[in-house]
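Scroll down for the structure; my scribbles are underneath it.
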Amino acid sequence: MPGKVRQMGIKIGKLPVGPKNCMTDVAGVQVGHVTLDEPLDQDGAYACTGVTAILPHGGNLFQQKVTAASYVLNGFGKTTGLVQVNELGVIESPIMLTNTFGVPAVTQGTLSYMLDLNEDIGLITGTINLVVGECNDSYLNSIRACPVTPEHAIAAIRQASTDIVQEGAVGAGKGMMCFGYKGGIGSSSRLVKVEQQEISYTVGCLVLSNFGQSTDFLAERYNASNRQSQSTLSPTDGSILIILATDAPLSSRQLLRVIKRCGIGLGRTGSHFSHGSGDVVIGFTTAHSIPHTTDQLMETRTQLREDHPVMNQLFVAAAEATEEAILNSLSQAQTTTGRNGHTVEAYAFHKA
């Protein structure tokens with residue numbers, strides 16, 4: 001497996017990274033993948049896709065919700081659940097990533113998993129809001145065959161762990177492209193330390209990268225070149241899903257402010273949020289555990305002061321972690337062959 005860009009001498013930003021330099025540096029956060037990589041019955045058809053599950057914590061997410069927000073940089077995408085996330089400011093299910101036509105199956109599988117876990121849903125309590133996002137992997141994956149099933153979603157959730165996140169052509173990233181090369185899953189983290197206090201917050205980012213042409217990529221920014229010839233491949237404008245996790249105590253509104261800065265990290269790599277690109281950010285904080293039911297009239301949560309310098313540091317962390325996660329999705333991916341023999345080369349990072 002190729003290394004992360006930091007192992008190649010490419011350093012992004014000023015803030016320190018966490019011990020694993022990935023999303024699971026945020027305590028309790030779990031990530032799981034199911035990868036499909038096999039020929040299908042039809043001539044030339046191939047399953048080159050998968051599912052990625054992000055669990056804000058290892059408990060019952062419906063019963064113990066987390067504060068959350070989402071932000072759309074460009075809305076050419078097909079997601080579920082974000083309307084309610086922004087209305088109520090919480091997430092109550094795993095965050096699921098897959099290909100465009102896999103959204104219905106992944107939604108069904110996630111629903112089945114959560115219904116099995118919570119016998120009260122739809123009977124003595126309300127329904128559940130499921131969050132699923134997608135990118136279009138149809139160059140490598142036979143997307144019309146809909147190879148992703150509800151069982152794959154359940155398996156991804158069950159395989160989720162706090163281990164170092166697998167990156168590159170895995171899970172939902174198996175068939176994705178980035179700047180004309182192999183993209184997919186990438187992750188990074190940042191530590192934000194509060195000066196003169198023994199307090200530190202962690203920001204972790206995971207991306208599903210599937211955007212851009214090779215001529216868009218600002219390789220010179222990183223003093224890095226590609227050993228391979230320049231790619232002429234490009235997804236149709238493409239998309240990216242950015243998931244940001246933190247343990248900083250933020251309100252939903254404050255979290256929205258932080259995740260908007262993920263767009264800065266995306267732009268630094270060369271993206272300009274194309275017309276047909278689904279560029280969506282979903283963020284959550286593990287600082288608050290919000291019970292589904294309570295007899296209390298009032299609830300109290302702690303949150304950071306808006307004007308404290310730590311807020312600016314969280315903005316910086318969001319931008320830096322996103323930028324590095326995108327580069328890691330490129331550097332960790334391997335050359336992949338899929339539908340009709342289509343092949344997408346890995347970007348062979350070379351430090352100039």
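Labeling convention for the structure tokens: chains A, B, ... as they appear, residues from 1 per chain, ligands from 1 in order of appearance.
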Per-residue DSSP, region 156-220 of chain A, filtered to helix (DSSP H, G or I), as a PyMOL selection string: chain A and resi 156-159+171-173+219-220
Residue contacts of Ser187 (chain A) (8 Å, only C-alpha atoms) excluding same-chain residues fewer than 5 positions away, as a list in words: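 So the residues in contact are Asn21, Cys22, Met23, Val165, Glu167, Gly204, Cys205, Leu206, Val207, Ala321, Thr322, Glu324, Ala325, Ile326, Asn328 and Ser329 of chain A.
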Would you mind listing, for every residue of region 107-200 of chain A within 12 Å of region 28-42 of chain A, the two atoms forming the shortest contact and the distance between them in Å to one decimal, using only C-alpha atoms, sorted by chain and ascending residue number, as CSV?
```
residue,atom,partner,partner_atom,distance
A:Leu140,CA,A:Asp37,CA,10.3
A:Asn141,CA,A:Asp37,CA,9.1
A:Ser142,CA,A:Leu40,CA,8.6
A:Ile143,CA,A:Leu40,CA,11.3
A:Arg144,CA,A:Gln42,CA,11.4
A:Ala145,CA,A:Leu40,CA,8.5
A:Cys146,CA,A:Leu40,CA,10.7
A:Pro147,CA,A:Leu36,CA,8.1
A:Val148,CA,A:Leu36,CA,8.0
A:Thr149,CA,A:Leu36,CA,10.6
A:Pro150,CA,A:Val34,CA,11.5
A:Glu151,CA,A:Val34,CA,9.9
A:His152,CA,A:Val34,CA,6.3
A:Ala153,CA,A:Val34,CA,7.7
A:Ile154,CA,A:Val34,CA,9.3
A:Ala155,CA,A:Val34,CA,6.8
A:Ala156,CA,A:His33,CA,4.9
A:Ile157,CA,A:Gly32,CA,6.0
A:Arg158,CA,A:Gly32,CA,7.4
A:Gln159,CA,A:Gly32,CA,5.1
A:Ala160,CA,A:Gly32,CA,3.6
A:Ser161,CA,A:Gln30,CA,4.5
A:Thr162,CA,A:Gln30,CA,4.6
A:Asp163,CA,A:Gln30,CA,7.6
A:Ile164,CA,A:Val31,CA,8.7
A:Val165,CA,A:Val31,CA,6.5
A:Gln166,CA,A:His33,CA,8.1
A:Glu167,CA,A:His33,CA,9.7
A:Gly168,CA,A:Thr35,CA,11.2
A:Ala169,CA,A:Thr35,CA,8.5
A:Val170,CA,A:Thr35,CA,5.6
A:Gly171,CA,A:Thr35,CA,4.4
A:Ala172,CA,A:Thr35,CA,7.1
A:Gly173,CA,A:Thr35,CA,8.4
A:Lys174,CA,A:Thr35,CA,6.6
A:Gly175,CA,A:Asp37,CA,9.1
A:Gly184,CA,A:Thr35,CA,11.6
A:Ile185,CA,A:His33,CA,10.0
A:Gly186,CA,A:Val31,CA,11.9
A:Ser187,CA,A:Val31,CA,10.8
```
Residue nearest Gln303 (chain A) among A:Thr100, A:Thr67, A:Ser225, A:Gln84 (counting only C-alpha atoms): A:Thr67
Point-to-point distance in Å for CA of Thr294 (chain A) and CA of Gly122 (chain A):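 One can read the CA of Gly122 (chain A) to CA of Thr294 (chain A) distance as 17.9 Å.
Rounded to one decimal, CA of Val51 (chain A) and CA of Gly102 (chain A) lie 8.6 Å from each other.
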Who sits within 9 Å of Ala318 (chain A), only C-alpha atoms, same chain under 3 positions skipped, as a count of residues only: 20
Selection: 6 Å around region 76-79 of chain A, only C-alpha atoms, excl. self and same-chain fewer than 6 positions, as JSON, numbers by chain: {"A": [132, 133, 276, 277, 278]}
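Coordinates place CA of Ala45 (chain A) at a distance of 5.3 Å from CA of Arg339 (chain A).
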Using 12 Å as the limit and counting only C-alpha atoms, can you tabulate each residue of region 15-35 of chain A that touches region 191-201 of chain A, with its shortest atom-to-atom distance in Å and the two atoms involved, as JSON lines?
```
{"residue": "A:Leu15", "atom": "CA", "partner": "A:Leu191", "partner_atom": "CA", "distance": 6.6}
{"residue": "A:Pro16", "atom": "CA", "partner": "A:Leu191", "partner_atom": "CA", "distance": 5.6}
{"residue": "A:Val17", "atom": "CA", "partner": "A:Leu191", "partner_atom": "CA", "distance": 5.7}
{"residue": "A:Gly18", "atom": "CA", "partner": "A:Leu191", "partner_atom": "CA", "distance": 6.0}
{"residue": "A:Pro19", "atom": "CA", "partner": "A:Leu191", "partner_atom": "CA", "distance": 9.6}
{"residue": "A:Lys20", "atom": "CA", "partner": "A:Leu191", "partner_atom": "CA", "distance": 11.4}
{"residue": "A:Asn21", "atom": "CA", "partner": "A:Leu191", "partner_atom": "CA", "distance": 9.7}
{"residue": "A:Cys22", "atom": "CA", "partner": "A:Leu191", "partner_atom": "CA", "distance": 11.2}
{"residue": "A:Met23", "atom": "CA", "partner": "A:Leu191", "partner_atom": "CA", "distance": 11.5}
{"residue": "A:Asp25", "atom": "CA", "partner": "A:Leu191", "partner_atom": "CA", "distance": 9.3}
{"residue": "A:Val26", "atom": "CA", "partner": "A:Tyr201", "partner_atom": "CA", "distance": 8.6}
{"residue": "A:Ala27", "atom": "CA", "partner": "A:Tyr201", "partner_atom": "CA", "distance": 10.3}
```
The selected residues should be written to file as an mmCIF file, in the first residue's frame (atoms: N, CA and C atoms).
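To be explicit, this is the file written out as part-v8.cif:
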```cif
data_model
loop_
_atom_site.group_PDB
_atom_site.id
_atom_site.type_symbol
_atom_site.label_atom_id
_atom_site.label_comp_id
_atom_site.auth_asym_id
_atom_site.auth_seq_id
_atom_site.Cartn_x
_atom_site.Cartn_y
_atom_site.Cartn_z
ATOM 1 N N LEU A 15 -0.703 23.056 11.939
ATOM 2 C CA LEU A 15 -1.145 22.396 13.163
ATOM 3 C C LEU A 15 -0.627 20.965 13.236
ATOM 4 N N PRO A 16 -0.412 20.438 14.446
ATOM 5 C CA PRO A 16 0.037 19.045 14.580
ATOM 6 C C PRO A 16 -1.084 18.070 14.238
ATOM 7 N N VAL A 17 -0.696 16.884 13.759
ATOM 8 C CA VAL A 17 -1.679 15.842 13.456
ATOM 9 C C VAL A 17 -1.831 14.924 14.655
ATOM 10 N N GLY A 18 -2.923 14.155 14.676
ATOM 11 C CA GLY A 18 -3.146 13.198 15.745
ATOM 12 C C GLY A 18 -2.263 11.973 15.594
ATOM 13 N N PRO A 19 -2.264 11.066 16.576
ATOM 14 C CA PRO A 19 -1.391 9.882 16.552
ATOM 15 C C PRO A 19 -1.578 9.010 15.322
ATOM 16 N N LYS A 20 -2.805 8.890 14.825
ATOM 17 C CA LYS A 20 -3.080 8.052 13.653
ATOM 18 C C LYS A 20 -3.234 8.873 12.373
ATOM 19 N N ASN A 21 -3.293 10.178 12.509
ATOM 20 C CA ASN A 21 -3.511 11.089 11.380
ATOM 21 C C ASN A 21 -4.709 10.653 10.540
ATOM 22 N N CYS A 22 -5.816 10.400 11.213
ATOM 23 C CA CYS A 22 -7.044 10.039 10.507
ATOM 24 C C CYS A 22 -8.242 10.349 11.393
ATOM 25 N N MET A 23 -9.431 10.141 10.850
ATOM 26 C CA MET A 23 -10.658 10.509 11.553
ATOM 27 C C MET A 23 -10.793 9.842 12.910
ATOM 28 N N ASP A 25 -8.818 9.461 15.177
ATOM 29 C CA ASP A 25 -8.141 10.140 16.280
ATOM 30 C C ASP A 25 -9.155 10.820 17.195
ATOM 31 N N VAL A 26 -10.335 11.133 16.683
ATOM 32 C CA VAL A 26 -11.414 11.643 17.535
ATOM 33 C C VAL A 26 -11.961 10.460 18.328
ATOM 34 N N ALA A 27 -11.812 10.501 19.626
ATOM 35 C CA ALA A 27 -12.122 9.355 20.482
ATOM 36 C C ALA A 27 -13.542 8.850 20.264
#
```
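Proximity ranking of A:Ala319, A:Ala287, A:Val280, A:Val66 relative to Thr246 (chain A) places A:Ala287 first, based on only C-alpha atoms.
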